[in-house]
Structures are given as structure tokens and as C-alpha cells.
file target.txt (compact mmCIF, C-alpha atoms)
# COMPACT_ATOMS: atom_id res chain seq x y z
CA MET A 145 -105.15 -110.64 -4.82
CA PRO A 146 -107.28 -113.80 -4.23
CA TYR A 147 -109.17 -112.67 -1.14
CA THR A 148 -111.75 -115.33 -1.99
CA GLY A 149 -111.63 -118.63 -3.86
CA PRO A 150 -109.42 -121.75 -3.68
CA LEU A 151 -106.17 -119.75 -3.42
CA ALA A 152 -107.36 -117.38 -0.67
CA ALA A 153 -104.49 -118.49 1.60
CA PHE A 154 -102.24 -116.23 -0.48
CA ALA A 155 -104.38 -113.18 0.39
CA THR A 156 -102.12 -112.74 3.41
CA ILE A 157 -99.60 -111.26 0.95
CA GLY A 158 -101.97 -108.41 0.08
CA ARG A 159 -102.98 -107.79 3.68
CA ALA A 160 -99.34 -107.59 4.77
CA GLU A 161 -98.56 -105.18 1.92
CA ALA A 162 -101.49 -102.96 2.90
CA ALA A 163 -100.30 -102.99 6.51
CA TYR A 164 -96.75 -102.15 5.39
CA PHE A 165 -97.87 -99.01 3.59
CA ASP A 166 -100.01 -98.04 6.60
CA MET A 167 -96.76 -98.14 8.56
CA VAL A 168 -94.89 -96.17 5.90
CA ASN A 169 -97.57 -93.49 5.83
CA GLU A 170 -97.63 -93.19 9.61
CA HIS A 171 -93.90 -92.52 9.48
CA GLY A 172 -94.23 -89.73 6.93
CA GLY A 173 -94.51 -91.63 3.65
CA ILE A 174 -91.83 -91.87 0.98
CA ASN A 175 -89.88 -88.72 0.20
CA GLY A 176 -92.60 -86.83 2.06
CA ARG A 177 -95.47 -88.33 0.07
CA LYS A 178 -98.15 -90.68 1.40
CA VAL A 179 -98.93 -93.87 -0.49
CA ARG A 180 -102.49 -94.76 -1.46
CA PHE A 181 -102.46 -98.52 -1.72
CA VAL A 182 -105.54 -100.13 -3.32
CA SER A 183 -105.92 -103.91 -3.14
CA VAL A 184 -108.91 -105.69 -4.69
CA ASP A 185 -110.17 -109.26 -5.01
CA ASP A 186 -109.93 -111.22 -8.26
CA SER A 187 -110.49 -114.73 -6.80
CA SER A 188 -107.57 -115.80 -9.04
CA ASN A 189 -109.95 -115.46 -11.99
CA PRO A 190 -108.21 -113.93 -15.06
CA LYS A 191 -111.45 -112.37 -16.32
CA ILE A 192 -112.08 -110.61 -13.01
CA ALA A 193 -108.40 -109.61 -12.88
CA MET A 194 -108.78 -107.89 -16.25
CA GLU A 195 -111.91 -106.05 -15.12
CA GLN A 196 -110.30 -104.94 -11.86
CA THR A 197 -107.11 -103.84 -13.60
CA ARG A 198 -109.00 -101.71 -16.10
CA ASP A 199 -110.90 -100.08 -13.26
CA LEU A 200 -107.70 -99.31 -11.35
CA VAL A 201 -105.96 -97.86 -14.40
CA GLU A 202 -108.79 -96.06 -16.16
CA LYS A 203 -111.02 -94.94 -13.27
CA GLN A 204 -108.72 -94.80 -10.25
CA ASP A 205 -105.69 -93.56 -12.20
CA VAL A 206 -103.12 -95.66 -10.33
CA LEU A 207 -99.46 -94.94 -10.95
CA LEU A 208 -98.55 -98.62 -11.13
CA MET A 209 -99.67 -102.17 -10.48
CA PHE A 210 -97.72 -103.93 -7.75
CA GLY A 211 -97.48 -107.45 -6.38
CA SER A 212 -100.52 -108.91 -8.14
CA PHE A 213 -100.79 -112.61 -7.42
CA GLY A 214 -100.62 -115.60 -9.73
CA THR A 215 -99.59 -116.54 -13.23
CA PRO A 216 -102.95 -116.71 -15.12
CA SER A 217 -104.27 -113.37 -13.82
CA ASN A 218 -101.02 -111.54 -14.52
CA LEU A 219 -100.71 -113.03 -18.00
CA ALA A 220 -104.27 -111.87 -18.67
CA VAL A 221 -103.42 -108.21 -17.95
CA ARG A 222 -99.79 -108.07 -19.12
CA LYS A 223 -100.49 -107.02 -22.74
CA TYR A 224 -103.00 -104.35 -21.64
CA LEU A 225 -100.61 -102.84 -19.09
CA ASN A 226 -97.69 -102.81 -21.50
CA GLU A 227 -99.75 -101.23 -24.27
CA ASN A 228 -100.79 -98.50 -21.83
CA LYS A 229 -97.26 -98.19 -20.41
CA VAL A 230 -98.34 -98.91 -16.84
CA PRO A 231 -95.67 -100.58 -14.64
CA GLN A 232 -96.57 -104.14 -13.63
CA LEU A 233 -94.04 -104.51 -10.85
CA PHE A 234 -92.90 -107.39 -8.67
CA VAL A 235 -95.49 -109.89 -9.82
CA ALA A 236 -96.22 -112.46 -7.10
CA SER A 237 -95.48 -115.46 -9.30
CA GLY A 238 -92.29 -117.32 -10.13
CA ASP A 239 -93.12 -117.75 -13.81
CA GLU A 240 -90.40 -116.86 -16.31
CA ALA A 241 -92.92 -114.70 -18.23
CA TRP A 242 -92.10 -111.65 -16.11
CA ALA A 243 -88.51 -111.39 -17.38
CA HIS A 244 -88.90 -110.36 -21.02
CA PRO A 245 -87.73 -106.72 -20.96
CA ALA A 246 -87.40 -106.40 -24.74
CA THR A 247 -90.95 -107.65 -25.39
CA PHE A 248 -92.72 -106.53 -22.21
CA PRO A 249 -90.68 -103.60 -20.84
CA TRP A 250 -93.33 -102.65 -18.25
CA THR A 251 -93.55 -106.05 -16.52
CA MET A 252 -91.11 -107.32 -13.86
CA GLY A 253 -91.20 -110.28 -11.49
CA TRP A 254 -89.76 -110.43 -7.99
CA GLN A 255 -89.33 -113.89 -6.49
CA PRO A 256 -87.08 -116.68 -7.80
CA THR A 257 -88.50 -118.65 -10.72
CA PHE A 258 -90.36 -121.93 -10.26
CA ARG A 259 -88.17 -123.52 -12.92
CA ALA A 260 -84.98 -122.68 -11.04
CA GLU A 261 -86.54 -124.01 -7.86
CA GLY A 262 -87.17 -127.33 -9.60
CA ARG A 263 -83.50 -127.49 -10.62
CA ILE A 264 -82.46 -126.86 -7.01
CA TYR A 265 -84.52 -129.86 -5.86
CA ALA A 266 -83.01 -131.99 -8.63
CA ASN A 267 -79.48 -131.05 -7.58
CA TYR A 268 -80.28 -131.81 -3.95
CA ILE A 269 -81.76 -135.22 -4.78
CA GLN A 270 -78.77 -136.13 -6.95
CA ALA A 271 -76.39 -135.25 -4.11
CA ALA A 272 -78.30 -136.67 -1.14
CA TYR A 273 -80.38 -139.51 -2.64
CA PRO A 274 -78.65 -140.52 -5.90
CA SER A 275 -80.26 -143.95 -6.26
CA ARG A 276 -83.76 -143.28 -4.91
CA LYS A 277 -86.98 -143.36 -6.92
CA ILE A 278 -88.95 -140.11 -7.28
CA ALA A 279 -92.70 -139.48 -7.50
CA VAL A 280 -94.10 -136.07 -8.45
CA LEU A 281 -97.52 -134.66 -7.58
CA TRP A 282 -97.97 -131.43 -9.49
CA GLN A 283 -100.63 -128.79 -10.06
CA ASN A 284 -101.94 -128.88 -13.62
CA ASP A 285 -101.21 -125.29 -14.62
CA GLN A 286 -98.27 -123.15 -15.69
CA PHE A 287 -96.97 -122.96 -12.12
CA GLY A 288 -96.91 -126.73 -11.74
CA ARG A 289 -95.49 -127.36 -15.18
CA ASP A 290 -92.63 -124.88 -14.71
CA LEU A 291 -91.34 -126.44 -11.50
CA PHE A 292 -91.72 -129.98 -12.88
CA LYS A 293 -89.83 -128.93 -16.00
CA GLY A 294 -87.02 -127.51 -13.87
CA LEU A 295 -86.86 -130.77 -11.88
CA GLN A 296 -86.53 -132.79 -15.09
CA GLU A 297 -83.91 -130.40 -16.48
CA GLY A 298 -81.89 -130.59 -13.29
CA LEU A 299 -81.96 -134.38 -13.22
CA GLY A 300 -80.81 -134.49 -16.85
CA ASP A 301 -79.64 -137.98 -17.77
CA THR A 302 -80.93 -139.27 -14.43
CA ALA A 303 -84.54 -138.15 -15.05
CA GLY A 304 -85.42 -141.82 -15.15
CA MET A 305 -85.36 -141.60 -11.34
CA ILE A 306 -88.91 -140.24 -11.73
CA VAL A 307 -90.99 -143.42 -11.69
CA ALA A 308 -94.43 -141.77 -11.41
CA ASP A 309 -96.06 -138.37 -11.74
CA LEU A 310 -99.66 -137.27 -11.38
CA ALA A 311 -101.32 -133.92 -12.00
CA PHE A 312 -104.23 -132.39 -10.12
CA ASP A 313 -106.41 -129.32 -10.62
CA ALA A 314 -106.08 -126.40 -8.21
CA SER A 315 -109.78 -126.70 -7.36
CA GLU A 316 -109.52 -130.34 -6.24
CA THR A 317 -110.18 -131.14 -2.59
CA ALA A 318 -109.45 -134.89 -2.50
CA ILE A 319 -105.96 -136.26 -3.00
CA GLN A 320 -106.17 -139.75 -1.48
CA ASN A 321 -106.23 -141.67 -4.76
CA GLN A 322 -103.21 -139.86 -6.17
CA ILE A 323 -101.15 -140.37 -3.02
CA GLY A 324 -102.09 -144.06 -2.99
CA ILE A 325 -100.97 -144.51 -6.60
CA LEU A 326 -97.68 -142.70 -5.97
CA LYS A 327 -97.00 -144.78 -2.85
CA ASN A 328 -97.52 -147.96 -4.85
CA SER A 329 -94.96 -146.78 -7.41
CA GLY A 330 -92.24 -147.64 -4.91
CA ALA A 331 -90.91 -144.09 -4.79
CA ASP A 332 -88.76 -143.02 -1.85
CA ILE A 333 -89.05 -139.30 -2.62
CA LEU A 334 -92.22 -137.28 -3.17
CA VAL A 335 -91.91 -133.87 -4.82
CA PHE A 336 -95.07 -131.83 -4.26
CA ASP A 337 -95.76 -128.83 -6.45
CA GLY A 338 -99.03 -127.05 -5.77
CA ALA A 339 -101.07 -124.78 -3.51
CA PRO A 340 -100.90 -124.96 0.32
CA ALA A 341 -104.36 -126.42 0.95
CA ILE A 342 -103.61 -129.45 -1.22
CA ALA A 343 -100.09 -129.65 0.22
CA ALA A 344 -101.55 -130.01 3.70
CA ARG A 345 -103.81 -132.83 2.55
CA ALA A 346 -100.96 -134.58 0.74
CA ILE A 347 -98.74 -134.56 3.83
CA ARG A 348 -101.58 -135.80 6.05
CA VAL A 349 -102.75 -138.52 3.65
CA ALA A 350 -99.20 -139.85 3.19
CA ALA A 351 -98.91 -140.15 6.97
CA ASP A 352 -102.32 -141.84 7.20
CA LEU A 353 -101.16 -144.38 4.59
CA ASP A 354 -98.00 -144.98 6.64
CA TRP A 355 -95.92 -143.74 3.71
CA HIS A 356 -92.92 -141.70 4.78
CA PRO A 357 -91.00 -140.59 1.70
CA VAL A 358 -88.53 -137.73 1.63
CA PHE A 359 -91.17 -135.02 1.18
CA ILE A 360 -90.08 -132.04 -0.92
CA LEU A 361 -92.52 -129.12 -0.81
CA ASP A 362 -92.56 -126.19 -3.22
CA ASN A 363 -91.64 -122.79 -1.77
CA ALA A 364 -95.07 -121.34 -2.55
CA SER A 365 -96.64 -123.78 -0.09
CA ALA A 366 -93.94 -123.66 2.57
CA SER A 367 -96.18 -121.88 5.05
CA ILE A 368 -96.36 -123.30 8.56
CA ALA A 369 -99.72 -121.57 9.03
CA SER A 370 -101.34 -122.58 5.74
CA ALA A 371 -99.80 -125.99 5.01
CA LEU A 372 -97.72 -127.60 7.76
CA ARG A 373 -99.94 -126.83 10.74
CA PRO A 374 -103.13 -128.04 8.96
CA ALA A 375 -101.22 -131.17 7.92
CA GLY A 376 -100.11 -131.77 11.50
CA LEU A 377 -96.72 -130.54 12.66
CA GLN A 378 -95.61 -134.07 13.55
CA ASN A 379 -96.57 -135.27 10.06
CA SER A 380 -94.59 -132.37 8.59
CA LEU A 381 -91.38 -133.12 10.46
CA GLY A 382 -88.48 -133.37 8.01
CA VAL A 383 -90.25 -131.76 5.05
CA ILE A 384 -87.75 -130.05 2.72
CA SER A 385 -88.34 -126.84 0.79
CA THR A 386 -86.54 -123.68 -0.31
CA SER A 387 -86.50 -120.18 1.10
CA PHE A 388 -85.08 -116.75 0.42
CA LEU A 389 -86.71 -115.01 3.40
CA LYS A 390 -86.10 -115.30 7.14
CA ASP A 391 -88.42 -117.52 9.19
CA ALA A 392 -89.61 -115.49 12.18
CA GLY A 393 -90.24 -118.73 14.08
CA ASP A 394 -86.61 -119.81 13.83
CA ALA A 395 -85.00 -119.30 17.25
CA SER A 396 -81.70 -118.38 15.60
CA TRP A 397 -83.31 -115.08 14.53
CA LYS A 398 -84.77 -114.19 17.93
CA ASP A 399 -82.18 -111.43 18.47
CA ASP A 400 -82.12 -110.26 14.85
CA PRO A 401 -83.11 -106.56 14.79
CA GLN A 402 -84.96 -106.92 11.48
CA ILE A 403 -87.05 -109.83 12.76
CA LYS A 404 -87.78 -107.85 15.92
CA ALA A 405 -88.92 -104.97 13.70
CA TRP A 406 -91.12 -107.34 11.69
CA LEU A 407 -92.71 -108.77 14.84
CA ALA A 408 -93.40 -105.24 16.08
CA PHE A 409 -94.90 -104.42 12.67
CA MET A 410 -97.21 -107.43 12.90
CA ASP A 411 -98.32 -106.49 16.42
CA LYS A 412 -99.16 -102.91 15.50
CA TYR A 413 -100.20 -102.92 11.85
CA TYR A 414 -101.37 -106.48 11.18
CA PRO A 415 -102.51 -107.82 14.58
CA ASP A 416 -104.91 -110.32 12.99
CA GLY A 417 -102.09 -111.83 10.95
CA ASP A 418 -100.42 -115.14 11.77
CA LYS A 419 -96.72 -114.79 12.55
CA ASP A 420 -96.17 -118.35 11.35
CA ASP A 421 -97.47 -117.43 7.91
CA ILE A 422 -94.55 -116.95 5.50
CA TYR A 423 -96.87 -115.02 3.16
CA ALA A 424 -96.90 -112.19 5.71
CA VAL A 425 -93.10 -112.08 5.45
CA PHE A 426 -93.36 -112.26 1.65
CA GLY A 427 -95.74 -109.30 1.47
CA TYR A 428 -93.60 -107.25 3.82
CA ALA A 429 -90.44 -107.94 1.81
CA ALA A 430 -92.08 -107.24 -1.56
CA ALA A 431 -93.54 -103.97 -0.28
CA ASP A 432 -90.13 -102.99 1.07
CA THR A 433 -88.66 -103.52 -2.41
CA LEU A 434 -91.30 -101.24 -3.94
CA MET A 435 -90.57 -98.62 -1.28
CA GLN A 436 -86.90 -98.68 -2.29
CA VAL A 437 -87.88 -98.12 -5.95
CA LEU A 438 -90.14 -95.19 -5.06
CA ARG A 439 -87.45 -93.77 -2.79
CA GLN A 440 -85.01 -93.86 -5.70
CA CYS A 441 -87.55 -92.04 -7.88
CA GLY A 442 -87.08 -88.87 -5.86
CA ASP A 443 -89.38 -86.17 -7.23
CA ASP A 444 -89.77 -87.81 -10.66
CA LEU A 445 -92.79 -90.04 -10.25
CA SER A 446 -93.39 -90.58 -13.95
CA ARG A 447 -94.15 -94.15 -14.95
CA GLU A 448 -91.00 -94.14 -17.09
CA ASN A 449 -88.84 -93.28 -14.09
CA VAL A 450 -90.57 -95.87 -11.93
CA MET A 451 -89.52 -98.56 -14.41
CA ARG A 452 -86.05 -97.03 -14.76
CA GLN A 453 -85.52 -97.24 -10.99
CA ALA A 454 -87.01 -100.72 -10.76
CA ALA A 455 -84.39 -101.79 -13.30
CA SER A 456 -81.62 -100.08 -11.29
CA LEU A 457 -81.57 -102.03 -8.03
CA LYS A 458 -77.99 -102.86 -7.09
CA ASP A 459 -77.19 -105.35 -4.35
CA TYR A 460 -80.26 -104.25 -2.41
CA GLN A 461 -80.56 -106.25 0.80
CA SER A 462 -84.15 -106.62 1.88
CA PRO A 463 -84.26 -106.45 5.69
CA ILE A 464 -86.18 -109.70 5.90
CA ALA A 465 -84.19 -111.66 3.28
CA LEU A 466 -81.79 -114.40 4.30
CA PRO A 467 -78.13 -113.34 4.57
CA GLY A 468 -76.36 -113.43 1.23
CA ILE A 469 -79.55 -113.00 -0.79
CA VAL A 470 -79.60 -109.65 -2.56
CA ILE A 471 -81.80 -107.95 -5.14
CA ASN A 472 -80.23 -106.96 -8.44
CA THR A 473 -81.90 -105.71 -11.62
CA GLY A 474 -80.81 -104.02 -14.83
CA PRO A 475 -82.26 -102.86 -18.15
CA LYS A 476 -81.87 -106.43 -19.45
CA ASP A 477 -82.31 -108.19 -16.11
CA PHE A 478 -85.91 -108.29 -14.85
CA ARG A 479 -85.29 -111.09 -12.34
CA PRO A 480 -84.73 -109.33 -9.00
CA ILE A 481 -84.08 -112.39 -6.78
CA LYS A 482 -81.87 -115.09 -8.23
CA GLN A 483 -80.85 -117.00 -5.09
CA MET A 484 -82.50 -119.47 -2.73
CA ARG A 485 -81.56 -121.71 0.15
CA LEU A 486 -82.67 -125.25 0.95
CA VAL A 487 -84.47 -125.57 4.29
CA GLN A 488 -85.93 -128.39 6.38
CA PHE A 489 -88.79 -128.26 8.89
CA ASP A 490 -87.74 -129.33 12.39
CA GLY A 491 -91.22 -129.38 13.90
CA ASN A 492 -91.15 -125.71 14.88
CA ALA A 493 -89.36 -123.73 12.19
CA TRP A 494 -87.47 -124.00 8.89
CA GLN A 495 -83.77 -124.72 9.34
CA PRO A 496 -81.25 -124.03 6.54
CA ILE A 497 -79.49 -126.85 4.72
CA GLY A 498 -76.18 -125.82 3.18
CA ASP A 499 -75.38 -122.48 1.61
CA VAL A 500 -77.19 -120.00 -0.61
CA ILE A 501 -77.69 -121.47 -4.09
CA ASP A 502 -77.50 -119.47 -7.30
CA SER A 503 -76.06 -122.06 -9.70
CA ALA A 504 -79.55 -123.27 -10.68
CA PHE A 505 -80.46 -119.88 -12.12
CA THR A 506 -79.87 -119.45 -15.81
CA ALA A 507 -77.80 -116.55 -17.11
CA VAL A 508 -79.75 -113.47 -18.05
CA ARG A 509 -80.21 -113.07 -21.79
CA GLU A 510 -81.08 -109.92 -23.71
CA ASP A 511 -84.74 -110.93 -23.87
CA ASN A 512 -85.04 -113.75 -21.37
call {"tool": "encode", "arguments": {"input": "target.txt", "output": "C-alpha cells"}}
result
Amino acid sequence: MPYTGPLAAFATIGRAEAAYFDMVNEHGGINGRKVRFVSVDDSSNPKIAMEQTRDLVEKQDVLLMFGSFGTPSNLAVRKYLNENKVPQLFVASGDEAWAHPATFPWTMGWQPTFRAEGRIYANYIQAAYPSRKIAVLWQNDQFGRDLFKGLQEGLGDTAGMIVADLAFDASETAIQNQIGILKNSGADILVFDGAPAIAARAIRVAADLDWHPVFILDNASASIASALRPAGLQNSLGVISTSFLKDAGDASWKDDPQIKAWLAFMDKYYPDGDKDDIYAVFGYAAADTLMQVLRQCGDDLSRENVMRQAASLKDYQSPIALPGIVINTGPKDFRPIKQMRLVQFDGNAWQPIGDVIDSAFTAVREDN
């Protein structure tokens, strides 16, 4: 987990997961066994990730790797973990690389893919803004390329709507020049695809330049705490994104028993956490999915059975997932979540737009 470095905002995921297993252990563990959860810092550096992974596997003798963040770090350790037959479960990245069960049978993703998310935005733009010009500001890495590719695929013959696109490095801190160039392109829609710190700057700079495009923000940066609040809530009004998890700040969930349970969890086990931070919800939901896998393992805690159960999730409803979004896996299906919902920020919380979408997700192939 990147507890330090330019992507440290995502460290909330790891802290929430650690707090979740503290809660599980206090309530007796899983099938009577306590969980020892070890979370270490890799600063989103693939070399450090490899060193830390080797230490966890070879010196600390972990049963499995769970929820590790980011595409580059997970790609760096994937071959090693598969060669050693160590489960690499519920990777915190929407890359399609985690769904190749024939080639990498010990690696499985969790969240919807970035590429499918890009297709969802394309479909929305075609329906709501069919004649508008599009600008894209994307992070120059696999994450950014995947979502941009999905956007282009979804637009298909109308991809000419994209009149300008600019890439930036994840380590960049200034974004004024790029936003100025994209504004001058005459675009009415800005699709942003990158980390939350840059997202906050992009939203704020656009407002400072008196440019008010339809602002589409990638799901990975759709955190009120890490992106919208730093950008200015008024500047963020109307921003569109996707979600597959409940927003605890949405008043429509105030009486939801699962949101009440999550709020109580935050108060007791993660009191320093920000309840407006969607990454705390993400970590909680991912950890809950792992708990279900371990529960299904019963007394057989072999690595083989862990993977067998991870590939046997049937219509599992995470308590914090949006209604209608379920988790399904199979021996040839290593994509647990294949549904999302469009949402729009109303100044306080994310509000749903339309129904749950699954048409943007490609059919599962034998080795997808």
C-alpha cells in the first residue's frame, strides 16, 4: 500500500482493511480463527513492492497477498507469486491483467475494470451530449491508457468527438498549462483520468479559468475527501463519475442498516479516518469479500482451497455495495465486480444517475 509517496491518498484503503480485521478479530475471527493482517509501504514503487512481497512470503510466511494497490506494483510481483503458488487476491487496480486465469491462476482482481469504465462514460456522452466536443486529460501509465482506450472504444465511429487529449505524469504537481490548452480546444466535456491530487487541481484550475465543461471524473479519484473537497465543493458541483459502493454521505442511506454499521465501524475501529473518503468504504468492502472467501474455506486453509473459494463466489452481495451490484466469480471468471452506476456530485454527496450498468463489460473468455 502507498503509505508514502505521490499516491498516498490511497493508503486509506489499507488502513480501513486493517481496521476491518481488527473488528473481525474482536468478534471471534473467522471460523474461530484470528486473522493476522500485515500491511506495508511500497510508495507505489515496483522495486520496493517486490522486496516487500518476498519478505512477506519467504520470511513472514503469509497465506496470501490481498488488496495490494496499483497496476505497476502488482504486475511486478505477479509472476513471482504465481510461480510460488501464492494467492494474489482482489488486487486494488482496475487493470484487465488480473483476469487471466489460464495464464495466471493465482491472481484475481476485484473492482470493475478501467476499460469498462471508459466505455460507460462514452455511452453516457453519446446519450446525453451527442454533438459536444470532448477533451481528455489522462495519466500517462497503464491506468490512464486503459480508461482512455475504453472511452475511444465506446465512442466507436464518433471518436472524432475527442478534439484534444493530453497526458501527464503521476508525479506532476502543476496542471495549469494542460487545462489552458484543453479549454482553448473548444471542448464542452472534460474527461479526467488520473489520481485524486491532480484531479483536485484540475477541477480548481478549470474554475479559476472560468471554464465550466461537463466534468467527468474517474472512479479512482471520486473521493470527496481526497479530490472534491480540496478542489472546492462549489467548484465540484455537477461532476460526474461512476460508483459501485454506497456513499455514506448520501442522505438517502441515512437509515440503511449497513451504512449505520459502517459508520459505527469507523467510530470504533478507524476513528482517525474520514467518513467522506470513499477509499475507506472501498477497503471495508474489499476486506468483507476476503472474509467471505475465508469463511467458505472452512477448515481447509490451503492456498489451493483459498483460490478455489475465491473462484466460487455466487451472487455475493457486499453489505456496502450499491443495490443490484453483486460479486460473481468462477474458474474462468476472475472479474468479481462487473457492474457500475453513473453518479453526479450535488455539493454534498454522490447521487445516482440512471440504473446499474453492465452492458459495457465484455463477456468473460476462457483466458480473458
call {"tool": "atom_distance", "arguments": {"input": "target.txt", "atom1": "CA of Asp354 in chain A", "atom2": "CA of Asn379 in chain A"}}
result
10.4 Å
call {"tool": "closest_atom_pairs", "arguments": {"input": "target.txt", "of": "range 171-282 of chain A", "to": "range 482-504 of chain A", "cutoff": "12 Å", "atoms": "all atoms listed in the file", "output": "tab-separated table"}}
result
residue	atom	partner	partner_atom	distance
A:Gly238	CA	A:Lys482	CA	10.8
A:Glu240	CA	A:Lys482	CA	11.9
A:Ala243	CA	A:Lys482	CA	11.9
A:Gly253	CA	A:Lys482	CA	11.0
A:Trp254	CA	A:Lys482	CA	9.2
A:Gln255	CA	A:Lys482	CA	7.8
A:Pro256	CA	A:Lys482	CA	5.5
A:Thr257	CA	A:Lys482	CA	7.9
A:Phe258	CA	A:Ala504	CA	10.9
A:Arg259	CA	A:Ala504	CA	8.9
A:Ala260	CA	A:Ala504	CA	5.5
A:Glu261	CA	A:Ala504	CA	7.6
A:Gly262	CA	A:Ala504	CA	8.7
A:Arg263	CA	A:Ala504	CA	5.8
A:Ile264	CA	A:Ala504	CA	5.9
A:Tyr265	CA	A:Leu486	CA	8.4
A:Ala266	CA	A:Ala504	CA	9.6
A:Asn267	CA	A:Ala504	CA	8.4
A:Tyr268	CA	A:Leu486	CA	8.5
A:Ile269	CA	A:Leu486	CA	11.5
A:Ala271	CA	A:Gly498	CA	11.9
A:Ala272	CA	A:Ile497	CA	11.5
call {"tool": "atom_distance", "arguments": {"input": "target.txt", "atom1": "CA of Pro357 in chain A", "atom2": "CA of Gly288 in chain A"}}
result
20.2 Å
call {"tool": "atom_distance", "arguments": {"input": "target.txt", "atom1": "CA of Val307 in chain A", "atom2": "CA of Leu326 in chain A"}}
result
8.8 Å
call {"tool": "closest_residue", "arguments": {"input": "target.txt", "among": "A:Phe210, A:Phe248, A:Trp282, A:Phe426", "to": "Lys223 in chain A", "atoms": "only C-alpha atoms"}}
result
A:Phe248
call {"tool": "residues_around", "arguments": {"input": "target.txt", "residues": "range 171-185 of chain A", "least_positions_apart": "4", "cutoff": "10 Å", "atoms": "all atoms listed in the file", "output": "ChimeraX atom specification"}}
result
/A:145-149,152,155,158-159,161-167,189,192-193,196-197,200,204,206-207,209-212,435-436,438-443
call {"tool": "closest_atom_pairs", "arguments": {"input": "target.txt", "of": "range 146-237 of chain A", "to": "range 449-464 of chain A", "cutoff": "10 Å", "atoms": "all atoms listed in the file", "output": "tab-separated table"}}
result
residue	atom	partner	partner_atom	distance
A:Leu207	CA	A:Val450	CA	9.0
A:Leu208	CA	A:Val450	CA	8.5
A:Lys229	CA	A:Met451	CA	9.8
A:Val230	CA	A:Met451	CA	9.2
A:Pro231	CA	A:Met451	CA	6.5
A:Gln232	CA	A:Met451	CA	9.0
A:Leu233	CA	A:Ala454	CA	8.0
A:Phe234	CA	A:Ala454	CA	9.1
call {"tool": "residues_near_point", "arguments": {"input": "target.txt", "point": "(-88.9, -144.1, -12.1)", "cutoff": "9 Å", "atoms": "only C-alpha atoms", "output": "ChimeraX atom specification"}}
result
/A:276-279,303-308,329-331
call {"tool": "closest_residue", "arguments": {"input": "target.txt", "among": "A:Lys412, A:Arg447, A:Ile481, A:Leu466", "to": "Glu170 in chain A", "atoms": "all atoms listed in the file"}}
result
A:Lys412
call {"tool": "axis_aligned_box", "arguments": {"input": "target.txt", "around": "range 277-290 of chain A", "padding_each_side": "6 Å", "output": "AutoDock Vina command-line options"}}
result
--center_x -94.5 --center_y -133.2 --center_z -11.3 --size_x 27.0 --size_y 32.4 --size_z 20.8
call {"tool": "closest_residue", "arguments": {"input": "target.txt", "among": "A:Gly324, A:Pro245, A:Gly338, A:Gly393", "to": "Asp290 in chain A", "atoms": "only C-alpha atoms"}}
result
A:Gly338
